[in-house]
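Quick notes on the structure that follows.
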Amino acid sequence: MFHDKSKEKLDVLKDSGLKDNESSSDKENVSRRTMLKTLGIGGAMLAGSAIASQLAFADSPQSNGNGRDKVLQVANVAELLKLPRGLFKDGLHVYVNGYYQSGDGGGKLVRWVEASSKPDNGGTVHDPYSLGDARWVQSANNSEMRFVDGGYIGRFEVVHNGVADFRWFGIFDATKNADAALDAMVNDLSIHRVEAHSNLNFVKRNVFHRSDIEVDFHGHMVTTIGAELNTIDNPFGAVMFFQGTLTGLTQKVTLSEDVIEYSDIFEVADSSIFSVGSWWHAQIKNNPAGGQQKELDYLVKVTEIFDKTHIRLNYKSGWLLAKGREITYKQVNPAFRCNVRNMGFTGIPVSVNGTSLRPYPTWDQEGTNPVAYEFAVECDASGIQATAVFWPVVMRRYCTHYVTERCQLMNPEERDWGGTGYLTQQINVLYGHVRDCNTSNARHLNDFTCAAYCMVENCHGDGDEYGPYVTHGQYEHDITYIGNSGLLSFANSGTTWGDSAKRITVKKHIASRIVAMKRITDLTLEDCHAVVTYTKPGTKMANSGSIWVNMDGLVMRNCTAQEMVTISKGSSRGKKVNIIDTCSFGMLKGYEIARPIRSGTTQVGYTPSNGELTIINSEFFNVEDVNLGSINKLTLINTWFKGLPGTGGTVKVGTREVIMRGGGLVDCCFLFTGAWDKNGDVNNAKNKIDQWITVEGGASFSGTNPEKAFLKSVAADNVITWNFGELTSSTADAATSHFHIEGGTHKARIQGSRFIGGKYTVKNSGSGNSNYFSLTSCIEEGVDRSSLPAETATIKHSTGNLTIALT
């Protein structure tokens with residue numbers, strides 16, 4: 001029953017040791033010390049509370065006399081809970097100086113809420129009845145107390161401006177687990193910011209379904225000593241997992257027309273269930289070739305409704321979605337603006353695995369990680385400094401419009417098991433921005449799977465042999481990397497995902513390796529440099545200093561690779577011409593500038609480069625023995641091939657057509673193999689293609705090489721057309737040939753060139769019938785012409801040349 005206020009006043013006076021008939025002046029003479037002693041509280045009443053003049057704790061001047069706005073002061077929470085029941089009026093305010101003692105940082109203002117029956121959580125809600133003190137264990141008929149549904153009601157609730165503090169809960173270090181406090185604050189929708197002012201320990205995998213909350217740890221360390229087991233294989237089992245929810249509303253549509261690339265207009269079965277501003281998970285049925293081959297799989301927002309079957313989404317499709325494909329739409333209530341900031345994080349030790357198998361059943365359930373998001377919008381993570389994590393530091397799936405910044409991962413607990421040891425993994429994300437982050441000895445700094453319109457900038461990884469920057473190849477598109485360092489690996493996780501990505505741009509990057517040889521369409525690399533690195537002193541990282549790229553809309557500018565560039569062609573979807581401009585590449589012995597045809601070669605990324613490529617103002621150096629495989633047409637403009645100093649080198653050319661304008665060969669040979677087969681079988685001579693070589697525009701050959709010729713073809717089945725124009729060729733010795741044409745059938749036109757020293761070698765060149773050899777209008781200085789065949793109707797090499805004998 002409700003208490004009687006007149007009786008309450010009598011009881012308060014009785015508790016205070018005063019008589020009801022004492023005058024006001026008598027009350028004013030009661031000493032402060034006597035009053036506090038009588039009430040059993042160590043704190044003082046706040047100034048202006050009028051307690052000095054009225055022991056009954058009068059209303060503040062602003063109150064309306066209904067008992068609200070009274071302000072008391074106590075030293076700590078224990079004293080708050082021991083206040084006499086007779087003092088409690090609905091709306092009474094008490095300032096608590098500290099949690100355990102005055103000034104310890106746990107101070108707060110609380111208000112008595114007469115009708116509240118909220119559970120005591122030790123921080124924002126305090127239940128004085130929970131003490132079990134004899135003063136409160138009274139019958140339900142006690143007029144001083146209110147008994148409802150089996151319990152007494154009335155609670156002290158914190159008065160705040162939306163900012164909450166772990167110290168309110170008596171948590172001042174990591175000795176007291178902070179999960180219950182975190183849960184109480186984050187799930188209180190009146191709180192928009194949670195602050196930590198000490199190190200904290202968490203043992204739960206906390207899941208939240210709310211919006212508009214910021215958790216700031218102010219740089220303090222979070223630990224997870226004694227953490228409960230995660231569910232199996234679950235990177236979302238983080239200390240904090242912010243998750244939007246599915247409403248259950250679902251619609252499927254089979255496309256009656258193509259959704260063209262770049263379109264933001266999508267077909268639906270019935271637009272009446274959609275509304276502008278609503279959020280949906282839109283997912284296309286996978287391609288048969290792989291379970292995760294889904295070009296559309298994002299959290300998107302409806303921005304316009306056109307008619308009964310068409311809506312606009314806040315996303316431009318990166319891929320054509322063909323007629324007959326099925327799209328499923330599921331409505332989502334996202335989590336908005338749930339931000340985590342300024343956290344130190346140390347995970348718990350997990351036995352090192354280093355294999356693809358669990359060493360014991362719960363192995364992957366023991367590790368911990370700080371933050372995860374799913375179906376989340378504008379949820380940022382910043383200033384997280386982590387070590388010893390198992391799953392990613394920041395895990396995201398179906399997120400959009402977010403920033404991950406100033407985060408760091410050093411020495412994760414595990415990195416061989418798939419999905420472990422990441423700074424951030426981002427699956428099915430849009431409009432993300434990752435910046436100013438670092439990793440050391442991690443698996444990945446930044447992982448994108450089915451991501452679009454994202455950017456990574458000023459991020460750096462050391463100890464990077466696992467690859468700081470990766471995409472899985474699930475149709476990522478329109479991703480930009482600027483000013484980063486660390487290994488790059490794009491679309492390289494296998495056919496399950498599709499081996500595909502489009503419009504990936506990388507600028508100002510330092511990498512140990514750049515691996516982008518699968519179905520990467522319209523790849524742009526600018527000012528990127530692959531350098532030799534070491535896994536430990538004296539141990540070189542395998543394939544470091546190399547760039548592997550797909551020739552499908554490839555653009556490379558101002559790039560270098562210390563030891564290798566390898567070009568392949570796994571797709572033909574590009575809208576740009578393939579060009580390499582102002583680049584420099586070292587070449588290791590036995591490697592391939594362009595993949596040659598191999599019998600039975602079907603693996604994506606190792607297919608021949610049967611397209612066209614232009615290389616401008618570039619050089620290949622330290623050439624020893626490399627392959628220039630199956631490019632259909634290679635145009636070299638002011639581009640140089642330089643052999644290994646002291647020995648020279650050989651480039652085995654399987655390219656169908658080579659055009660060299662300017663640039664040239666230094667201590668290097670082009671050895672024509674004809675090994676470019678239009679049916680993919682190098683052993684099938686019937687299908688072996690003809691080759692063309694054109695040298696003009698002031699090109700220059702000089703020095704010598706192991707083949708003792710600058711241009712050479714000796715295979716009996718080679719069919720080559722030779723065109724020399726403005727060429728200057730100067731050998732280092734008499735034994736080196738300017739060109740060596742032997743065997744096979746050839747058409748050679750050599751006009752307006754200059755040859756110095758060395759010799760010509762033309763033997764059994766099959767120049768009769770429709771084939772020919774024509775050498776005219778050239779300047780020859782000390783050239784040995786003795787191996788030239790006798791002139792015939794199709795062989796001419798004497799008339800019109802200026803031949804100078806050197807003395």
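The chains in the structure tokens are called A, B, ... from first to last as shown; in each chain the residues are counted from 1, and the ligands are counted from 1 in the order shown.
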
Using only C-alpha atoms, which protein or nucleic acid residues come within 9 Å of Leu802 (chain A)? Drop anything in the same chain fewer than 6 positions from it, and give the result as number ranges by chain. A: 776-781

Spatial neighbours of Cys583 (chain A), 7 Å, only C-alpha atoms, chain gap at least 3 places, as an MDAnalysis selection string: chainID A and resid 557:560 580 618:619

Can you write just those residues out, N, CA, C and O atoms, as an mmCIF file, in the first residue's frame?
```
data_model
loop_
_atom_site.group_PDB
_atom_site.id
_atom_site.type_symbol
_atom_site.label_atom_id
_atom_site.label_comp_id
_atom_site.auth_asym_id
_atom_site.auth_seq_id
_atom_site.Cartn_x
_atom_site.Cartn_y
_atom_site.Cartn_z
ATOM 1 N N ARG A 557 51.763 2.132 -63.736
ATOM 2 C CA ARG A 557 52.564 3.335 -63.971
ATOM 3 C C ARG A 557 53.533 3.541 -62.813
ATOM 4 O O ARG A 557 53.157 3.417 -61.651
ATOM 5 N N ASN A 558 54.774 3.881 -63.140
ATOM 6 C CA ASN A 558 55.779 4.226 -62.131
ATOM 7 C C ASN A 558 55.946 3.124 -61.089
ATOM 8 O O ASN A 558 56.078 3.389 -59.901
ATOM 9 N N CYS A 559 55.943 1.881 -61.548
ATOM 10 C CA CYS A 559 56.058 0.746 -60.638
ATOM 11 C C CYS A 559 57.417 0.077 -60.793
ATOM 12 O O CYS A 559 58.046 0.144 -61.855
ATOM 13 N N THR A 560 57.868 -0.590 -59.743
ATOM 14 C CA THR A 560 59.106 -1.354 -59.791
ATOM 15 C C THR A 560 58.921 -2.686 -59.085
ATOM 16 O O THR A 560 58.130 -2.813 -58.150
ATOM 17 N N ILE A 580 51.695 -0.698 -69.548
ATOM 18 C CA ILE A 580 52.708 -0.568 -68.500
ATOM 19 C C ILE A 580 53.574 0.613 -68.881
ATOM 20 O O ILE A 580 54.144 0.643 -69.973
ATOM 21 N N SER A 618 60.012 1.846 -70.145
ATOM 22 C CA SER A 618 60.265 0.929 -69.040
ATOM 23 C C SER A 618 61.520 0.115 -69.308
ATOM 24 O O SER A 618 62.112 0.172 -70.397
ATOM 25 N N GLU A 619 61.923 -0.669 -68.296
ATOM 26 C CA GLU A 619 63.079 -1.534 -68.484
ATOM 27 C C GLU A 619 62.943 -2.815 -67.684
ATOM 28 O O GLU A 619 62.296 -2.854 -66.630
#
```

Proximity to Met517 (chain A) - best of A:Arg785, A:Arg656, A:Arg415, A:Arg595, only C-alpha atoms: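 That would be A:Arg595, the residue with the smallest distance to Met517 (chain A).
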
For region 297-301 of chain A, list every protein, DNA or RNA residue within 8 Å, evaluated using only C-alpha atoms, and leave out those in the same chain fewer than 2 positions away; present the list as number ranges by chain. A: 276-284, 294-295, 303, 313-315, 375, 398-400, 428-430, 450

Would you mind exporting C-alpha atoms of the selected residues as an mmCIF file, in the first residue's frame?
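Writing done, so here's part07.cif:
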```
data_model
loop_
_atom_site.group_PDB
_atom_site.id
_atom_site.type_symbol
_atom_site.label_atom_id
_atom_site.label_comp_id
_atom_site.auth_asym_id
_atom_site.auth_seq_id
_atom_site.Cartn_x
_atom_site.Cartn_y
_atom_site.Cartn_z
ATOM 1 C CA VAL A 276 11.978 4.720 -48.946
ATOM 2 C CA GLY A 277 14.614 4.658 -46.220
ATOM 3 C CA SER A 278 14.103 1.003 -45.322
ATOM 4 C CA TRP A 279 17.105 -1.325 -45.207
ATOM 5 C CA TRP A 280 17.343 -4.725 -46.840
ATOM 6 C CA HIS A 281 19.790 -7.559 -47.250
ATOM 7 C CA ALA A 282 19.873 -8.143 -51.008
ATOM 8 C CA GLN A 283 21.485 -11.421 -52.081
ATOM 9 C CA ILE A 284 21.644 -13.050 -55.491
ATOM 10 C CA LYS A 294 27.499 -14.036 -55.406
ATOM 11 C CA GLU A 295 27.916 -10.746 -57.240
ATOM 12 C CA THR A 303 16.008 5.403 -51.957
ATOM 13 C CA LEU A 313 18.949 1.213 -54.003
ATOM 14 C CA ASN A 314 21.873 3.174 -52.594
ATOM 15 C CA TYR A 315 24.266 0.917 -54.523
ATOM 16 C CA PHE A 375 23.973 -5.495 -40.233
ATOM 17 C CA TYR A 398 26.893 -6.650 -43.910
ATOM 18 C CA CYS A 399 28.136 -3.254 -42.825
ATOM 19 C CA THR A 400 28.059 0.056 -44.683
ATOM 20 C CA ASN A 428 29.818 -8.079 -47.730
ATOM 21 C CA VAL A 429 30.566 -4.441 -46.930
ATOM 22 C CA LEU A 430 29.971 -1.142 -48.721
ATOM 23 C CA CYS A 450 32.531 -9.176 -51.501
#
```

Considering only C-alpha atoms, return as a list in words whatever protein or nucleic-acid residues lie within 9 Å of Ser271 (chain A), sequence-local ones (same chain, fewer than 6 positions apart) excluded.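 With the cut-off at 9 Å, the set is Ile305, Phe306, Asp307, Lys308, Thr309, His310 and Ile311 of chain A.
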
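With distances restricted to only C-alpha atoms, A:Asn230 is the closest residue to Asn369 (chain A) from A:Thr247, A:Thr480, A:Asn230, A:Thr439.
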
Nearby residues (only C-alpha atoms) at most 8 Å from region 193-204 of chain A, same-chain spacing under 6 positions excluded, as a PyMOL selection string: chain A and resi 162-167+171-179+185-186+213-218+220-228+239
